[in-house]
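Undergrad: Quick one: this structure, given as structure tokens, is what I'll be asking you about.
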Amino acid sequence: MGETSRPWRVVAVRRLSEAQLAELSAVADVEYFEEVTDENRADFLAALSRAHGLIGGKLELDEAMLTEAPALQVVSTISVGYDHLPLAAMNRRGILLCNTPNVLTETTADTAFALIMATQRRLVELANRVRDGEWQTHVGREHFGVDVHGKTLGIVGAGRIGAAIARRGAMGFGMPILYTAASSKPELEASLGARRLELDALLAESDIVCLSVPYNDDTHHLIDAAALARMKPSAALINVARGKVVDEPALIEALQRGGIRAAGLDVFAEEPLLARSPLTAMDNVVATPHIGSATHETREAMAQLAVDNLVGALAGDGPLTAINEDAWRKSTVASGGAR
Ligand code: NAP
């Protein structure tokens with residue numbers, strides 16, 4: 001990418017700090033949308049059609065929109081997951097896709113653990129009873145929870161976030177750790193005594209099953225009716241991955257008939273979760289509105305990394321974290337660097 005084609009044009013979707021906007025503006029003309037709505041969608045598409053770079057969270061982008069964005073070279077998503085973006089089409093076009101791993105790992109693991117604590121100890125259900133004036137007498141067996149410490153924790157997808165959840169479980173709560181992953185994790189086995197199992201065996205042995213896989217064709221409905229049937233009736237399912245990793249109707253059915261005891265869910269097949277979903281009304285479900293990384297500190301760090309990625313890519317220094325840097329670099333070389 002050469003000096004001659006500056007200034008770059010960038011479309012930003014999501015609240016960025018003044019310092020971050022200033023950093024972007026130093027290398028590009030920035031068209032800023034706090035969010036894309038039905039009212040401003042035409043303006044957004046017009047801006048995209050001129051843009052070299054796009055940055056934002058929950059970006060809505062499909063192959064047809066890429067076709068209408070001939071200058072687009074870099075998409076910088078403020079998320080680690082990129083299942084909502086058309087990666088294959090971006091690879092064909094040599095468009096770089098940057099994401100924000102690592103900076104959200106510990107916070108998302110904290111969220112998973114909050115859901116573990118809440119489902120095991122029935123925190124939301126029982127706190128609501130206090131709020132509703134229903135605490136009239138001592139709590140009896142019908143309101144007891146189950147322990148967290150010492151229970152077997154099964155991590156489905158022991159990557160960055162899964163490993164951070166495993167560390168909390170093993171080191172903070174004395175939990176035996178089971179895991180699945182595409183490849184074995186000797187460091188988790190050595191440091192935490194974690195055991196790698198096939199998914200079916202992990203589901204059968206775990207007291208708490210925690211999902212932290214990426215969503216893709218291989219993980220679509222990884223937890224379906226058959227998988228749920230392998231879990232202990234006393235077990236809880238925690239999902240901080242993506243909603244469609246779970247067959248949601250099958251999960252609802254399993255929770256309703258006692259096939260599993262409880263679920264702690266941060267992500268859903270359709271978001272926002274519809275108010276009429278049975279999941280909103282079940283005492284054995286703790287549902288949070290996709291807040292895995294939603295703390296002030298972490299969202300700031302994610303936005304900063306996304307800005308640094310975009311600026312680095314446009315300026316030619318390269319991104320800090322990207323999904324398809326090889327495809328992008330090959331395409332940059334193929335186009336003689338003039339893109
Ligand atoms: P990561 O480091 O890439 O970890 C993903 C793990 O899943 C890896 O260990 C990978 O195995 C494993 N894996 C991939 N396909 C699998 C399969 N079919 N079966 C079993 N394991 C499989 O990613 P991360 O940073 O931990 O993030 C994980 C996901 O969490 C993201 O993709 C995102 O969707 C979700 N997330 C959600 C929130 C939220 O707000 N709720 C926040 C952040 C992230 P290998 O290590 O062997 O490759």
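Within each chain, counting starts at residue 1; across the structure tokens, chains are named A, B, ... in the order shown, with ligands numbered 1 upward in that order.
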Per DSSP on the backbone, filter segment 57-305 of chain A down to the residues in strand (DSSP E) and report them as a PDB file with N, CA, C and O atoms, in the first residue's frame.
TA:
```
ATOM      1  N   VAL A  74      -9.331  -3.813   4.270  1.00  0.00           N
ATOM      2  CA  VAL A  74      -9.161  -4.315   5.637  1.00  0.00           C
ATOM      3  C   VAL A  74     -10.482  -4.214   6.388  1.00  0.00           C
ATOM      4  O   VAL A  74     -11.131  -3.161   6.373  1.00  0.00           O
ATOM      5  N   VAL A  75     -10.867  -5.310   7.052  1.00  0.00           N
ATOM      6  CA  VAL A  75     -12.005  -5.287   7.977  1.00  0.00           C
ATOM      7  C   VAL A  75     -11.445  -5.610   9.355  1.00  0.00           C
ATOM      8  O   VAL A  75     -10.788  -6.638   9.545  1.00  0.00           O
ATOM      9  N   SER A  76     -11.677  -4.729  10.314  1.00  0.00           N
ATOM     10  CA  SER A  76     -11.146  -4.908  11.658  1.00  0.00           C
ATOM     11  C   SER A  76     -12.316  -5.046  12.621  1.00  0.00           C
ATOM     12  O   SER A  76     -12.969  -4.061  12.971  1.00  0.00           O
ATOM     13  N   THR A  77     -12.613  -6.290  13.010  1.00  0.00           N
ATOM     14  CA  THR A  77     -13.765  -6.521  13.870  1.00  0.00           C
ATOM     15  C   THR A  77     -13.365  -6.416  15.346  1.00  0.00           C
ATOM     16  O   THR A  77     -12.290  -6.888  15.737  1.00  0.00           O
ATOM     17  N   LEU A  96      -8.131  -8.236   4.151  1.00  0.00           N
ATOM     18  CA  LEU A  96      -7.608  -8.669   5.450  1.00  0.00           C
ATOM     19  C   LEU A  96      -8.704  -8.624   6.502  1.00  0.00           C
ATOM     20  O   LEU A  96      -9.460  -7.644   6.581  1.00  0.00           O
ATOM     21  N   LEU A  97      -8.792  -9.680   7.320  1.00  0.00           N
ATOM     22  CA  LEU A  97      -9.723  -9.698   8.451  1.00  0.00           C
ATOM     23  C   LEU A  97      -8.911  -9.732   9.750  1.00  0.00           C
ATOM     24  O   LEU A  97      -8.169 -10.694  10.006  1.00  0.00           O
ATOM     25  N   CYS A  98      -9.043  -8.674  10.549  1.00  0.00           N
ATOM     26  CA  CYS A  98      -8.364  -8.599  11.850  1.00  0.00           C
ATOM     27  C   CYS A  98      -9.403  -8.819  12.942  1.00  0.00           C
ATOM     28  O   CYS A  98     -10.549  -8.364  12.818  1.00  0.00           O
ATOM     29  N   LEU A 153     -15.260 -30.339  35.770  1.00  0.00           N
ATOM     30  CA  LEU A 153     -15.532 -29.287  34.788  1.00  0.00           C
ATOM     31  C   LEU A 153     -15.059 -29.753  33.402  1.00  0.00           C
ATOM     32  O   LEU A 153     -13.876 -30.034  33.213  1.00  0.00           O
ATOM     33  N   GLY A 154     -15.993 -29.830  32.476  1.00  0.00           N
ATOM     34  CA  GLY A 154     -15.666 -30.249  31.105  1.00  0.00           C
ATOM     35  C   GLY A 154     -15.634 -29.044  30.186  1.00  0.00           C
ATOM     36  O   GLY A 154     -16.629 -28.345  30.037  1.00  0.00           O
ATOM     37  N   ILE A 155     -14.481 -28.801  29.587  1.00  0.00           N
ATOM     38  CA  ILE A 155     -14.307 -27.635  28.716  1.00  0.00           C
ATOM     39  C   ILE A 155     -14.356 -28.113  27.264  1.00  0.00           C
ATOM     40  O   ILE A 155     -13.473 -28.858  26.823  1.00  0.00           O
ATOM     41  N   VAL A 156     -15.351 -27.674  26.535  1.00  0.00           N
ATOM     42  CA  VAL A 156     -15.463 -28.039  25.117  1.00  0.00           C
ATOM     43  C   VAL A 156     -14.844 -26.898  24.315  1.00  0.00           C
ATOM     44  O   VAL A 156     -15.445 -25.845  24.132  1.00  0.00           O
ATOM     45  N   ILE A 177     -10.396 -31.282  35.689  1.00  0.00           N
ATOM     46  CA  ILE A 177     -10.669 -30.665  34.379  1.00  0.00           C
ATOM     47  C   ILE A 177     -10.604 -31.714  33.268  1.00  0.00           C
ATOM     48  O   ILE A 177      -9.604 -32.438  33.135  1.00  0.00           O
ATOM     49  N   LEU A 178     -11.655 -31.763  32.472  1.00  0.00           N
ATOM     50  CA  LEU A 178     -11.678 -32.550  31.232  1.00  0.00           C
ATOM     51  C   LEU A 178     -11.746 -31.556  30.080  1.00  0.00           C
ATOM     52  O   LEU A 178     -12.311 -30.474  30.244  1.00  0.00           O
ATOM     53  N   TYR A 179     -11.224 -31.919  28.925  1.00  0.00           N
ATOM     54  CA  TYR A 179     -11.334 -30.976  27.810  1.00  0.00           C
ATOM     55  C   TYR A 179     -11.375 -31.688  26.475  1.00  0.00           C
ATOM     56  O   TYR A 179     -10.926 -32.823  26.331  1.00  0.00           O
ATOM     57  N   THR A 180     -11.976 -30.976  25.490  1.00  0.00           N
ATOM     58  CA  THR A 180     -11.817 -31.334  24.086  1.00  0.00           C
ATOM     59  C   THR A 180     -11.151 -30.149  23.394  1.00  0.00           C
ATOM     60  O   THR A 180     -11.276 -29.011  23.838  1.00  0.00           O
ATOM     61  N   ARG A 195      -7.477 -33.632  31.520  1.00  0.00           N
ATOM     62  CA  ARG A 195      -7.494 -34.844  30.682  1.00  0.00           C
ATOM     63  C   ARG A 195      -8.269 -34.554  29.403  1.00  0.00           C
ATOM     64  O   ARG A 195      -9.382 -34.034  29.459  1.00  0.00           O
ATOM     65  N   ARG A 196      -7.681 -34.912  28.251  1.00  0.00           N
ATOM     66  CA  ARG A 196      -8.387 -34.735  26.973  1.00  0.00           C
ATOM     67  C   ARG A 196      -9.227 -35.979  26.681  1.00  0.00           C
ATOM     68  O   ARG A 196      -8.725 -37.099  26.729  1.00  0.00           O
ATOM     69  N   ILE A 208     -20.248 -30.066  35.085  1.00  0.00           N
ATOM     70  CA  ILE A 208     -20.496 -28.777  34.421  1.00  0.00           C
ATOM     71  C   ILE A 208     -19.795 -28.833  33.075  1.00  0.00           C
ATOM     72  O   ILE A 208     -18.592 -29.120  33.010  1.00  0.00           O
ATOM     73  N   VAL A 209     -20.554 -28.595  32.022  1.00  0.00           N
ATOM     74  CA  VAL A 209     -19.986 -28.591  30.672  1.00  0.00           C
ATOM     75  C   VAL A 209     -19.975 -27.151  30.189  1.00  0.00           C
ATOM     76  O   VAL A 209     -20.999 -26.465  30.199  1.00  0.00           O
ATOM     77  N   CYS A 210     -18.796 -26.688  29.791  1.00  0.00           N
ATOM     78  CA  CYS A 210     -18.643 -25.285  29.421  1.00  0.00           C
ATOM     79  C   CYS A 210     -18.199 -25.195  27.964  1.00  0.00           C
ATOM     80  O   CYS A 210     -17.188 -25.780  27.587  1.00  0.00           O
ATOM     81  N   LEU A 211     -18.953 -24.454  27.146  1.00  0.00           N
ATOM     82  CA  LEU A 211     -18.667 -24.378  25.707  1.00  0.00           C
ATOM     83  C   LEU A 211     -17.844 -23.132  25.388  1.00  0.00           C
ATOM     84  O   LEU A 211     -18.270 -22.009  25.685  1.00  0.00           O
ATOM     85  N   ALA A 236     -24.907 -29.219  34.558  1.00  0.00           N
ATOM     86  CA  ALA A 236     -25.267 -27.893  34.020  1.00  0.00           C
ATOM     87  C   ALA A 236     -24.472 -27.645  32.741  1.00  0.00           C
ATOM     88  O   ALA A 236     -23.322 -28.088  32.617  1.00  0.00           O
ATOM     89  N   LEU A 237     -25.098 -26.923  31.816  1.00  0.00           N
ATOM     90  CA  LEU A 237     -24.440 -26.528  30.566  1.00  0.00           C
ATOM     91  C   LEU A 237     -24.219 -25.016  30.601  1.00  0.00           C
ATOM     92  O   LEU A 237     -25.158 -24.252  30.870  1.00  0.00           O
ATOM     93  N   ILE A 238     -22.985 -24.607  30.309  1.00  0.00           N
ATOM     94  CA  ILE A 238     -22.646 -23.179  30.268  1.00  0.00           C
ATOM     95  C   ILE A 238     -22.205 -22.856  28.841  1.00  0.00           C
ATOM     96  O   ILE A 238     -21.351 -23.551  28.281  1.00  0.00           O
ATOM     97  N   ASN A 239     -22.773 -21.818  28.254  1.00  0.00           N
ATOM     98  CA  ASN A 239     -22.380 -21.461  26.882  1.00  0.00           C
ATOM     99  C   ASN A 239     -21.942 -20.009  26.801  1.00  0.00           C
ATOM    100  O   ASN A 239     -22.748 -19.090  26.919  1.00  0.00           O
ATOM    101  N   ALA A 262     -29.551 -27.613  34.721  1.00  0.00           N
ATOM    102  CA  ALA A 262     -29.559 -26.148  34.601  1.00  0.00           C
ATOM    103  C   ALA A 262     -28.702 -25.710  33.425  1.00  0.00           C
ATOM    104  O   ALA A 262     -27.887 -26.486  32.909  1.00  0.00           O
ATOM    105  N   ALA A 263     -28.886 -24.448  33.030  1.00  0.00           N
ATOM    106  CA  ALA A 263     -28.033 -23.880  31.976  1.00  0.00           C
ATOM    107  C   ALA A 263     -27.722 -22.428  32.306  1.00  0.00           C
ATOM    108  O   ALA A 263     -28.578 -21.691  32.802  1.00  0.00           O
ATOM    109  N   GLY A 264     -26.492 -22.039  32.000  1.00  0.00           N
ATOM    110  CA  GLY A 264     -26.065 -20.643  32.104  1.00  0.00           C
ATOM    111  C   GLY A 264     -25.656 -20.195  30.707  1.00  0.00           C
ATOM    112  O   GLY A 264     -24.700 -20.724  30.144  1.00  0.00           O
ATOM    113  N   LEU A 265     -26.417 -19.266  30.143  1.00  0.00           N
ATOM    114  CA  LEU A 265     -26.261 -18.964  28.717  1.00  0.00           C
ATOM    115  C   LEU A 265     -25.987 -17.480  28.499  1.00  0.00           C
ATOM    116  O   LEU A 265     -26.768 -16.635  28.925  1.00  0.00           O
ATOM    117  N   VAL A 285     -32.566 -21.589  34.371  1.00  0.00           N
ATOM    118  CA  VAL A 285     -31.739 -20.957  33.329  1.00  0.00           C
ATOM    119  C   VAL A 285     -31.293 -19.580  33.812  1.00  0.00           C
ATOM    120  O   VAL A 285     -32.101 -18.784  34.286  1.00  0.00           O
ATOM    121  N   VAL A 286     -30.005 -19.333  33.698  1.00  0.00           N
ATOM    122  CA  VAL A 286     -29.489 -17.972  33.886  1.00  0.00           C
ATOM    123  C   VAL A 286     -29.086 -17.480  32.504  1.00  0.00           C
ATOM    124  O   VAL A 286     -28.208 -18.057  31.862  1.00  0.00           O
ATOM    125  N   ALA A 287     -29.776 -16.448  32.031  1.00  0.00           N
ATOM    126  CA  ALA A 287     -29.528 -15.930  30.681  1.00  0.00           C
ATOM    127  C   ALA A 287     -28.970 -14.513  30.786  1.00  0.00           C
ATOM    128  O   ALA A 287     -29.559 -13.661  31.443  1.00  0.00           O
TER     129      ALA A 287
END
```
Undergrad: Considering only C-alpha atoms and all ligand atoms, tabulate each residue of chain A that lies at most 9 Å from ligand 1 along with its nearest interatomic pair and the corresponding distance in Å to one decimal; arrange the rows by chain and ascending residue number and present them as a tab-separated table.
TA:
```
residue	atom	partner	partner_atom_place_in_ligand_line	distance
A:Ser79	CA	ligand 1	43 (C)	6.8
A:Val80	CA	ligand 1	44 (C)	5.6
A:Gly81	CA	ligand 1	32 (O)	4.0
A:Tyr82	CA	ligand 1	32 (O)	7.0
A:Asp83	CA	ligand 1	34 (O)	7.2
A:Thr100	CA	ligand 1	25 (O)	8.5
A:Pro101	CA	ligand 1	25 (O)	5.3
A:Asn102	CA	ligand 1	25 (O)	6.4
A:Leu104	CA	ligand 1	43 (C)	6.3
A:Thr105	CA	ligand 1	25 (O)	6.1
A:Thr107	CA	ligand 1	42 (C)	8.2
A:Thr108	CA	ligand 1	42 (C)	5.4
A:Ala109	CA	ligand 1	42 (C)	8.5
A:Thr111	CA	ligand 1	41 (N)	7.9
A:Ala112	CA	ligand 1	41 (N)	8.2
A:Ile155	CA	ligand 1	21 (N)	8.9
A:Val156	CA	ligand 1	20 (C)	5.7
A:Gly157	CA	ligand 1	7 (O)	3.5
A:Ala158	CA	ligand 1	9 (O)	4.1
A:Gly159	CA	ligand 1	9 (O)	3.1
A:Arg160	CA	ligand 1	26 (O)	3.8
A:Ile161	CA	ligand 1	26 (O)	3.7
A:Gly162	CA	ligand 1	26 (O)	5.6
A:Ala163	CA	ligand 1	26 (O)	7.6
A:Ala164	CA	ligand 1	26 (O)	8.5
A:Tyr179	CA	ligand 1	21 (N)	8.5
A:Thr180	CA	ligand 1	20 (C)	5.1
A:Ala181	CA	ligand 1	21 (N)	3.5
A:Ala182	CA	ligand 1	47 (O)	3.4
A:Ser183	CA	ligand 1	47 (O)	3.5
A:Ser184	CA	ligand 1	47 (O)	6.4
A:Lys185	CA	ligand 1	46 (O)	7.6
A:Glu198	CA	ligand 1	20 (C)	8.9
A:Leu199	CA	ligand 1	20 (C)	7.6
A:Leu211	CA	ligand 1	30 (O)	8.1
A:Ser212	CA	ligand 1	30 (O)	4.9
A:Val213	CA	ligand 1	7 (O)	3.9
A:Pro214	CA	ligand 1	32 (O)	3.4
A:Tyr215	CA	ligand 1	34 (O)	5.8
A:Asn216	CA	ligand 1	15 (N)	8.0
A:Asp217	CA	ligand 1	18 (N)	8.7
A:Asp218	CA	ligand 1	18 (N)	5.3
A:Thr219	CA	ligand 1	18 (N)	5.1
A:His220	CA	ligand 1	18 (N)	8.9
A:Leu222	CA	ligand 1	18 (N)	7.7
A:Asn239	CA	ligand 1	41 (N)	7.6
A:Val240	CA	ligand 1	41 (N)	4.1
A:Ala241	CA	ligand 1	35 (C)	3.9
A:Arg242	CA	ligand 1	34 (O)	5.3
A:Leu265	CA	ligand 1	41 (N)	8.7
A:Asp266	CA	ligand 1	41 (N)	5.5
A:Val267	CA	ligand 1	41 (N)	5.9
A:Pro289	CA	ligand 1	40 (O)	8.8
A:His290	CA	ligand 1	40 (O)	5.0
A:Ile291	CA	ligand 1	40 (O)	5.1
A:Gly292	CA	ligand 1	40 (O)	3.2
A:Ser293	CA	ligand 1	40 (O)	5.0
A:Ala294	CA	ligand 1	40 (O)	7.1
```
Undergrad: Run DSSP on the backbone and grab whatever in segment 281-318 of chain A lands in alpha helix (DSSP H); send it over as a PyMOL selection string.
TA: chain A and resi 296-315
Undergrad: Take the residues that were just selected and, keeping C-alpha atoms, output them as a JSON list (two decimals), in the first residue's frame.
TA:
```json
[["chain", "number", "residue", "atom", "x", "y", "z"],
["A", 296, "HIS", "CA", -15.28, -1.04, 30.51],
["A", 297, "GLU", "CA", -11.64, -2.12, 30.56],
["A", 298, "THR", "CA", -11.94, -5.00, 28.12],
["A", 299, "ARG", "CA", -14.16, -3.27, 25.57],
["A", 300, "GLU", "CA", -11.70, -0.35, 25.58],
["A", 301, "ALA", "CA", -8.77, -2.75, 25.04],
["A", 302, "MET", "CA", -10.63, -4.52, 22.23],
["A", 303, "ALA", "CA", -11.42, -1.26, 20.45],
["A", 304, "GLN", "CA", -7.79, -0.14, 20.83],
["A", 305, "LEU", "CA", -6.46, -3.40, 19.39],
["A", 306, "ALA", "CA", -8.92, -3.14, 16.48],
["A", 307, "VAL", "CA", -7.79, 0.43, 15.76],
["A", 308, "ASP", "CA", -4.12, -0.57, 15.99],
["A", 309, "ASN", "CA", -4.80, -3.49, 13.62],
["A", 310, "LEU", "CA", -6.51, -1.26, 11.07],
["A", 311, "VAL", "CA", -3.91, 1.50, 11.22],
["A", 312, "GLY", "CA", -1.07, -1.04, 11.07],
["A", 313, "ALA", "CA", -2.58, -2.74, 8.04],
["A", 314, "LEU", "CA", -3.32, 0.47, 6.14],
["A", 315, "ALA", "CA", 0.07, 1.96, 6.97]]
```
Undergrad: Using only C-alpha atoms, which of A:Ile55, A:Leu45, A:Glu205, A:Glu270 sits nearest Glu68 of chain A?
TA: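 Using only C-alpha atoms, the shortest distance to Glu68 of chain A belongs to A:Leu45.
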Undergrad: What separation in Å, quoted to one decimal, exists between atom CA of Asp29 of chain A and atom CA of Arg9 of chain A?
TA: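 Atom CA of Asp29 of chain A sits 4.8 Å away from atom CA of Arg9 of chain A.
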Undergrad: Looking at only C-alpha atoms, which of A:Thr137, A:Thr152, A:Ser234, A:Asn324 is the one that sits closest to Gly169 of chain A?
TA: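 Checking each candidate against Gly169 of chain A, we get A:Thr152 as the closest.
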Undergrad: Rank A:Val246, A:Val30, A:Ala322, A:Val13 by their smallest atom-to-atom distance to Glu60 of chain A, using only C-alpha atoms, and report the top residue only.
TA: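 Under the stated criterion, the closest residue is A:Val13.
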Undergrad: Would you list the contacts of Pro249 of chain A as a PyMOL selection string, taking every protein, DNA or RNA residue within 9 Å and counting only C-alpha atoms, but skipping same-chain residues closer than 4 positions in sequence?
TA: chain A and resi 225+253-254
Undergrad: So how far away is atom CA of Pro176 of chain A from atom CA of Glu106 of chain A, in Å?
TA: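 Interatomic distance here is 19.9 Å.
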Undergrad: Within 10 Å of Arg93 of chain A, counting only C-alpha atoms, which residues qualify if same-chain residues fewer than 2 places away don't, as a PyMOL selection string?
TA: chain A and resi 66-67+70+72-73+87-91+95-96+327-328+331
Undergrad: Go ahead and dump the residues you just picked, N, CA and C atoms, as an mmCIF file, in the first residue's frame.
TA:
```cif
data_model
loop_
_atom_site.group_PDB
_atom_site.id
_atom_site.type_symbol
_atom_site.label_atom_id
_atom_site.label_comp_id
_atom_site.auth_asym_id
_atom_site.auth_seq_id
_atom_site.Cartn_x
_atom_site.Cartn_y
_atom_site.Cartn_z
ATOM 1 N N LEU A 66 -19.708 -6.743 -0.079
ATOM 2 C CA LEU A 66 -18.294 -6.659 -0.484
ATOM 3 C C LEU A 66 -18.186 -6.262 -1.950
ATOM 4 N N THR A 67 -19.081 -6.808 -2.767
ATOM 5 C CA THR A 67 -19.061 -6.491 -4.201
ATOM 6 C C THR A 67 -19.278 -5.003 -4.419
ATOM 7 N N PRO A 70 -15.634 -1.853 -3.698
ATOM 8 C CA PRO A 70 -14.477 -2.288 -4.495
ATOM 9 C C PRO A 70 -13.130 -1.890 -3.904
ATOM 10 N N LEU A 72 -12.379 -1.822 -0.658
ATOM 11 C CA LEU A 72 -12.179 -2.342 0.700
ATOM 12 C C LEU A 72 -10.964 -3.272 0.781
ATOM 13 N N GLN A 73 -10.077 -3.004 1.729
ATOM 14 C CA GLN A 73 -8.853 -3.806 1.884
ATOM 15 C C GLN A 73 -8.724 -4.451 3.264
ATOM 16 N N LEU A 87 -15.748 -14.797 5.499
ATOM 17 C CA LEU A 87 -14.300 -14.981 5.375
ATOM 18 C C LEU A 87 -13.893 -15.527 4.008
ATOM 19 N N ALA A 88 -14.653 -16.505 3.480
ATOM 20 C CA ALA A 88 -14.245 -17.107 2.200
ATOM 21 C C ALA A 88 -14.235 -16.038 1.095
ATOM 22 N N ALA A 89 -15.276 -15.209 1.081
ATOM 23 C CA ALA A 89 -15.336 -14.151 0.061
ATOM 24 C C ALA A 89 -14.218 -13.134 0.287
ATOM 25 N N MET A 90 -13.885 -12.853 1.534
ATOM 26 C CA MET A 90 -12.803 -11.907 1.829
ATOM 27 C C MET A 90 -11.467 -12.483 1.360
ATOM 28 N N ASN A 91 -11.279 -13.777 1.577
ATOM 29 C CA ASN A 91 -10.043 -14.408 1.098
ATOM 30 C C ASN A 91 -9.935 -14.307 -0.413
ATOM 31 N N ILE A 95 -9.040 -9.459 1.038
ATOM 32 C CA ILE A 95 -9.356 -8.473 2.087
ATOM 33 C C ILE A 95 -8.885 -9.042 3.431
ATOM 34 N N LEU A 96 -8.131 -8.236 4.151
ATOM 35 C CA LEU A 96 -7.608 -8.669 5.450
ATOM 36 C C LEU A 96 -8.704 -8.624 6.502
ATOM 37 N N ALA A 327 -3.312 -14.833 3.201
ATOM 38 C CA ALA A 327 -4.082 -14.572 1.968
ATOM 39 C C ALA A 327 -3.943 -13.107 1.570
ATOM 40 N N TRP A 328 -3.962 -12.232 2.555
ATOM 41 C CA TRP A 328 -3.863 -10.792 2.298
ATOM 42 C C TRP A 328 -2.488 -10.438 1.746
ATOM 43 N N SER A 331 -2.080 -11.614 -1.766
ATOM 44 C CA SER A 331 -2.821 -10.758 -2.680
ATOM 45 C C SER A 331 -2.123 -9.403 -2.827
#
```
Undergrad: For each of A:Val10, A:Leu279, A:Val27, A:Leu203, take the minimum atom-to-atom distance to Ser49 of chain A, counting only C-alpha atoms, then give the residue where this is smallest.
TA: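 Going through A:Val10, A:Leu279, A:Val27, A:Leu203 one by one, the smallest distance to Ser49 of chain A is for A:Val10.
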Undergrad: Tell me which protein, DNA and RNA residues are within 10 Å of Ala170 of chain A, counting only C-alpha atoms, leaving out same-chain ones fewer than 4 positions away, and put them as a list in words.
TA: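 So, after excluding close chain neighbours, the residues are His149, Gly150, Lys151, Thr152, Leu153, Ile165, Ala166, Gly174, Met175, Pro176, Ile177, Ser191, Leu192, Gly193 and Ala194 of chain A.
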Undergrad: With N, CA and C atoms retained, write the just-selected residues as a PDB file, in the first residue's frame.
TA:
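Written output follows (again-v3.pdb):
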```pdb
ATOM      1  N   HIS A 149     -17.116 -26.215  43.989  1.00  0.00           N
ATOM      2  CA  HIS A 149     -15.781 -26.751  44.260  1.00  0.00           C
ATOM      3  C   HIS A 149     -15.814 -28.283  44.189  1.00  0.00           C
ATOM      4  N   GLY A 150     -14.780 -28.807  43.596  1.00  0.00           N
ATOM      5  CA  GLY A 150     -14.637 -30.260  43.544  1.00  0.00           C
ATOM      6  C   GLY A 150     -15.434 -30.937  42.441  1.00  0.00           C
ATOM      7  N   LYS A 151     -16.317 -30.215  41.762  1.00  0.00           N
ATOM      8  CA  LYS A 151     -17.093 -30.824  40.675  1.00  0.00           C
ATOM      9  C   LYS A 151     -16.232 -30.937  39.415  1.00  0.00           C
ATOM     10  N   THR A 152     -16.566 -31.886  38.567  1.00  0.00           N
ATOM     11  CA  THR A 152     -15.781 -32.084  37.348  1.00  0.00           C
ATOM     12  C   THR A 152     -16.232 -31.105  36.266  1.00  0.00           C
ATOM     13  N   LEU A 153     -15.260 -30.339  35.770  1.00  0.00           N
ATOM     14  CA  LEU A 153     -15.532 -29.287  34.788  1.00  0.00           C
ATOM     15  C   LEU A 153     -15.059 -29.753  33.402  1.00  0.00           C
ATOM     16  N   ILE A 165     -10.798 -20.547  31.683  1.00  0.00           N
ATOM     17  CA  ILE A 165     -11.878 -21.094  32.532  1.00  0.00           C
ATOM     18  C   ILE A 165     -11.335 -22.293  33.321  1.00  0.00           C
ATOM     19  N   ALA A 166     -10.573 -23.131  32.624  1.00  0.00           N
ATOM     20  CA  ALA A 166     -10.001 -24.318  33.287  1.00  0.00           C
ATOM     21  C   ALA A 166      -9.097 -23.909  34.445  1.00  0.00           C
ATOM     22  N   GLY A 174     -10.590 -26.283  42.908  1.00  0.00           N
ATOM     23  CA  GLY A 174     -10.206 -27.696  43.048  1.00  0.00           C
ATOM     24  C   GLY A 174     -10.981 -28.624  42.142  1.00  0.00           C
ATOM     25  N   MET A 175     -11.305 -28.154  40.951  1.00  0.00           N
ATOM     26  CA  MET A 175     -12.139 -28.967  40.059  1.00  0.00           C
ATOM     27  C   MET A 175     -11.273 -29.826  39.141  1.00  0.00           C
ATOM     28  N   PRO A 176     -11.549 -31.124  39.039  1.00  0.00           N
ATOM     29  CA  PRO A 176     -10.909 -31.915  37.980  1.00  0.00           C
ATOM     30  C   PRO A 176     -11.344 -31.373  36.623  1.00  0.00           C
ATOM     31  N   ILE A 177     -10.396 -31.282  35.689  1.00  0.00           N
ATOM     32  CA  ILE A 177     -10.669 -30.665  34.379  1.00  0.00           C
ATOM     33  C   ILE A 177     -10.604 -31.714  33.268  1.00  0.00           C
ATOM     34  N   SER A 191       0.009 -28.572  33.870  1.00  0.00           N
ATOM     35  CA  SER A 191      -0.155 -27.580  34.936  1.00  0.00           C
ATOM     36  C   SER A 191      -1.421 -27.820  35.758  1.00  0.00           C
ATOM     37  N   LEU A 192      -2.470 -28.366  35.133  1.00  0.00           N
ATOM     38  CA  LEU A 192      -3.751 -28.507  35.839  1.00  0.00           C
ATOM     39  C   LEU A 192      -4.181 -29.963  35.993  1.00  0.00           C
ATOM     40  N   GLY A 193      -3.413 -30.881  35.413  1.00  0.00           N
ATOM     41  CA  GLY A 193      -3.845 -32.283  35.432  1.00  0.00           C
ATOM     42  C   GLY A 193      -5.056 -32.515  34.543  1.00  0.00           C
ATOM     43  N   ALA A 194      -5.280 -31.626  33.559  1.00  0.00           N
ATOM     44  CA  ALA A 194      -6.447 -31.765  32.684  1.00  0.00           C
ATOM     45  C   ALA A 194      -6.319 -33.023  31.826  1.00  0.00           C
TER      46      ALA A 194
END
```
Undergrad: What is the atom CA of Lys58 of chain A-atom CA of Arg15 of chain A distance in Å, reported with one decimal?
TA: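 If I compute the distance from atom CA of Lys58 of chain A to atom CA of Arg15 of chain A, I get 12.1 Å.
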